[in-house]
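Below is one structure, written out as structure tokens; the observations come after it.
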Protein chains: 2
Amino acid sequence: MRHETAENDPLDEVVTWRDGHVVALDQTVLPHEIRVLHITSVDDLVDAITRLAIRGAPALGVAGALGVALAVRQAQRQGWDESRLAAEVERVADARPTAVNLRREVRAAAAVIRRGPAAGEAAAVAVRDATIGVSRRISDRGARYLSEAAGTGPLTIHTHCNTGTLACLGWGSALGVIRALHEQGDLRQVIVDETRPLLQGARLTCWELGQLGIEHFLICDGAGPFLISQGLADAVVVGADRIAANGDVANKIGTYALALAARQAGIPFVVAAPESTIDDATASGKQIPIERRPDDEVTRVLGVAAAPEGTRALNYAFDVTPAELVTAIVTEDRLIHPGREPDTTALVS
Amino acid sequence: MRHETAENDPLDEVVTWRDGHVVALDQTVLPHEIRVLHITSVDDLVDAITRLAIRGAPALGVAGALGVALAVRQAQRQGWDESRLAAEVERVADARPTAVNLRREVRAAAAVIRRGPAAGEAAAVAVRDATIGVSRRISDRGARYLSEAAGTGPLTIHTHCNTGTLACLGWGSALGVIRALHEQGDLRQVIVDETRPLLQGARLTCWELGQLGIEHFLICDGAGPFLISQGLADAVVVGADRIAANGDVANKIGTYALALAARQAGIPFVVAAPESTIDDATASGKQIPIERRPDDEVTRVLGVAAAPEGTRALNYAFDVTPAELVTAIVTEDRLIHPGREPDTTALVS
């Protein structure tokens, strides 16, 4: 794997296919460095996914599809047999457990490669193009909904983690909704949770909002629920890593606290996510596997030790917000109100 | 002001009076460095309080009392008149706005110095000794209460910020309760919020618990409410910076989210604090001034930039938890249940 400084618009390089390999923006070094990765092996792709150089449920779906094309190229180069290829494809699917998109797009792409490598690559690129279109439809539907649901006048939207182009390609999911509100003149400002441990809000969301010229304020995660209680935000809008069939939502750790606070304050708690994030095979949030990541993401911050040497941590990367706390789920196709039907499997059609 | 590496037990040096000046442990460099400050002027004391070298409501009370003695010494040395002395004493009282203890102990000490400098110094040292005794009584009462209120068997206690010896002298308030539970064999482990922005949980509480040999796990603040929802903790125990007459509690930002989560999970949310933290002159939390601190405490972490250059932040240092979410307040003298009497001024006798 080689890497270079970006020459193109870095937001076009989030995760894409070029010259027979995967090109990706290394999100671990943003916003202070723009570094483009050229990924030519399954090993390097799994590493990029594991260390969150590529992240965000929809972007992981694209990485999964492109990863299958990459594995086929590597199989040809290195003479892998079918079982080795299958095993390597499985490693891509298993690189992270919580977002359903990764595994789903790996499966879909793996089915296509039986028709040949060229068909596989074309299908993977089509997944990327479709993902961009989907995020735009989520953005527009979400902005229309919020204009009605969260009151008149320019809105203050509270968001968590990063759900923009870097996570979803195109405009994004929750951040796409915010961008669409901005475009239609209905946005006052954005409250951005820093999103410890890896600070995707501080590093990535503030950077994207800065690029777009959207007014925003950064806060520590612990401050969010209190600021909501004081009436600062008109709505909370977040993305999702997996949505269970009953409407329970797995998203970046820290989301549940915002949902509790939003209900207490009487403001909408809205999840913006593609249909591909909804996992009909998972009945409720209890069945969603929650990734536990290394302790040192908590005990150290940006490479600097915070806690005493040897301190142990509990580092769950996601939490589950029960359907009853979710005002609405906005997808590219529909608007769902899981909180209104808490005892039904509302999302299974 | 000079500083040196500690030779004595650093926990005896949190804030004390020695050889006619204030000695304090610089809490901004813990746990990686033990640095003792020798503070000989009001300027340096105000600086130490403002940048949180000395912190925690009870320790700030002690610093306030010792600060008056320090101002009298400086007045003698530099020939200040009475109005100059009064103005310098006022600067100590104003160094931080939220904890009521600082202003209260400055006022009490200022009244005593009319009887002469020696009386003033003796009174200030007596405040320190009393603070140590008070924290031990809170600790024991809190542990007895929790053994009854939070179920049988060793308990897992979730706490926020730092409320041990470093904040309170003696055993501490919330952390003193945890220490007393440990001593009586009723503690399983402690869940420690890292407490952004200044990471007092990660830096100070983990260090104190390590010194005491108490098992603990560090978490990011955003993870707390979710882990509570999953049944990890048997109770939440926190300190307070000011308690209003109606039982509303101002404490380090991030506390409110834990209180909401504790109510949702049906576990006790307990505030451990000295009587001096209760401010009968403040009717409710709405009247408590909430300190807004510099943006760069949020945009930078441990000296490293997290957000893009120029990012603005909202950095409120405290939040207010309404009385209705507080299961019990434990002081050195009594046990109060403000949540049971939300419409009365429960704490005013």
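In the structure tokens, chains take letters A, B, ... by order of appearance, with residues numbered from 1 within each chain and ligands from 1 in the order shown.
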Got a sec to pull out which chain A residues are within 7 Å of chain B, counting only C-alpha atoms, and send them as JSON, numbers by chain? {"A": [31, 196, 197, 202, 203, 206, 207, 217, 218, 219, 220, 221, 222, 223, 225, 226, 253, 254, 256, 257, 298, 301, 302, 304, 306, 307, 308, 312, 313, 314, 315, 319]}
Would you pick out the contacts of segment 8-20 of chain A at 9 Å or less, using only C-alpha atoms, so that residues sharing its chain but fewer than 2 positions from it are not included, and give the list as JSON, numbers by chain? {"A": [6, 22, 23, 24, 25, 26, 27, 34, 35, 36, 40, 54, 59, 60, 62, 63, 66, 69, 70, 73, 121, 124, 125, 128, 165, 166, 167, 168, 169, 170]}
Spatial neighbours of Ser284 of chain A, max dist 7 Å, only C-alpha atoms, sep filter under 6 positions, as a list in words: Ala244, Ala245, Asn246 and Asp248 of chain A
Kindly export the residues of the current selection with C-alpha atoms, as a PDB file, in the first residue's frame.
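The result, stored in again.pdb:
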ATOM      1  CA  ALA A 244     -33.098  -3.796  13.901  1.00  0.00           C
ATOM      2  CA  ALA A 245     -36.453  -4.980  12.571  1.00  0.00           C
ATOM      3  CA  ASN A 246     -38.262  -3.491  15.591  1.00  0.00           C
ATOM      4  CA  ASP A 248     -33.964  -0.226  17.698  1.00  0.00           C
TER       5      ASP A 248
END
Considering only strand (DSSP E or B) as DSSP defines it on the backbone, what residues of segment 97-303 of chain B qualify? List them as a VMD selection string. chain B and resid 155 to 159 187 to 193 216 to 219 235 to 238 242 to 244 249 to 252 269 to 272 278 to 279 292 300 to 301
d(atom CA of Ile267 of chain B, atom CA of Ala235 of chain B) in Å: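 Atom-to-atom, atom CA of Ile267 of chain B to atom CA of Ala235 of chain B, that is 5.4 Å.
Interatomic distance, atom CA of Val249 of chain B to atom CA of Gly231 of chain B: 24.2 Å.
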Of the residues A:Leu155, A:Ala65, A:Ile288, A:Val190, which is the one nearest to Ala111 of chain A, using only C-alpha atoms?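 Smallest distance to Ala111 of chain A is found for A:Ala65.
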Near segment 131-135 of chain B, counting only C-alpha atoms, which residues have an atom at most 7 Å away, once you skip same-chain residues fewer than 5 positions from it, shown as a VMD selection string? chain B and resid 58 168 to 173 176 274 332
Apply DSSP to the backbone of this structure and, from segment 193-247 of chain B, keep only the residues in helix (DSSP H, G or I); write these as number ranges by chain. B: 200-212, 221-229
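Of the listed residues (B:Asp186, B:Asp241, B:Glu82, B:Asp129), B:Asp241 comes nearest to Leu102 of chain B; the distances count only C-alpha atoms.
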Please, what distance in Å, to one decimal, runs between atom CA of Arg96 of chain A and atom CA of Pro294 of chain A?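 Spanning atom CA of Arg96 of chain A to atom CA of Pro294 of chain A is a straight-line distance of 13.1 Å.
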Do you know which residues are at most 12 Å from Val270 of chain B counting only C-alpha atoms, after dropping those on the same chain fewer than 4 positions away, and could you put them as a PyMOL selection string? chain B and resi 138+141-143+145-146+149-150+157-160+173-175+177-178+234-240+247+249+255+258-259+262-263+321+323-331+335-339
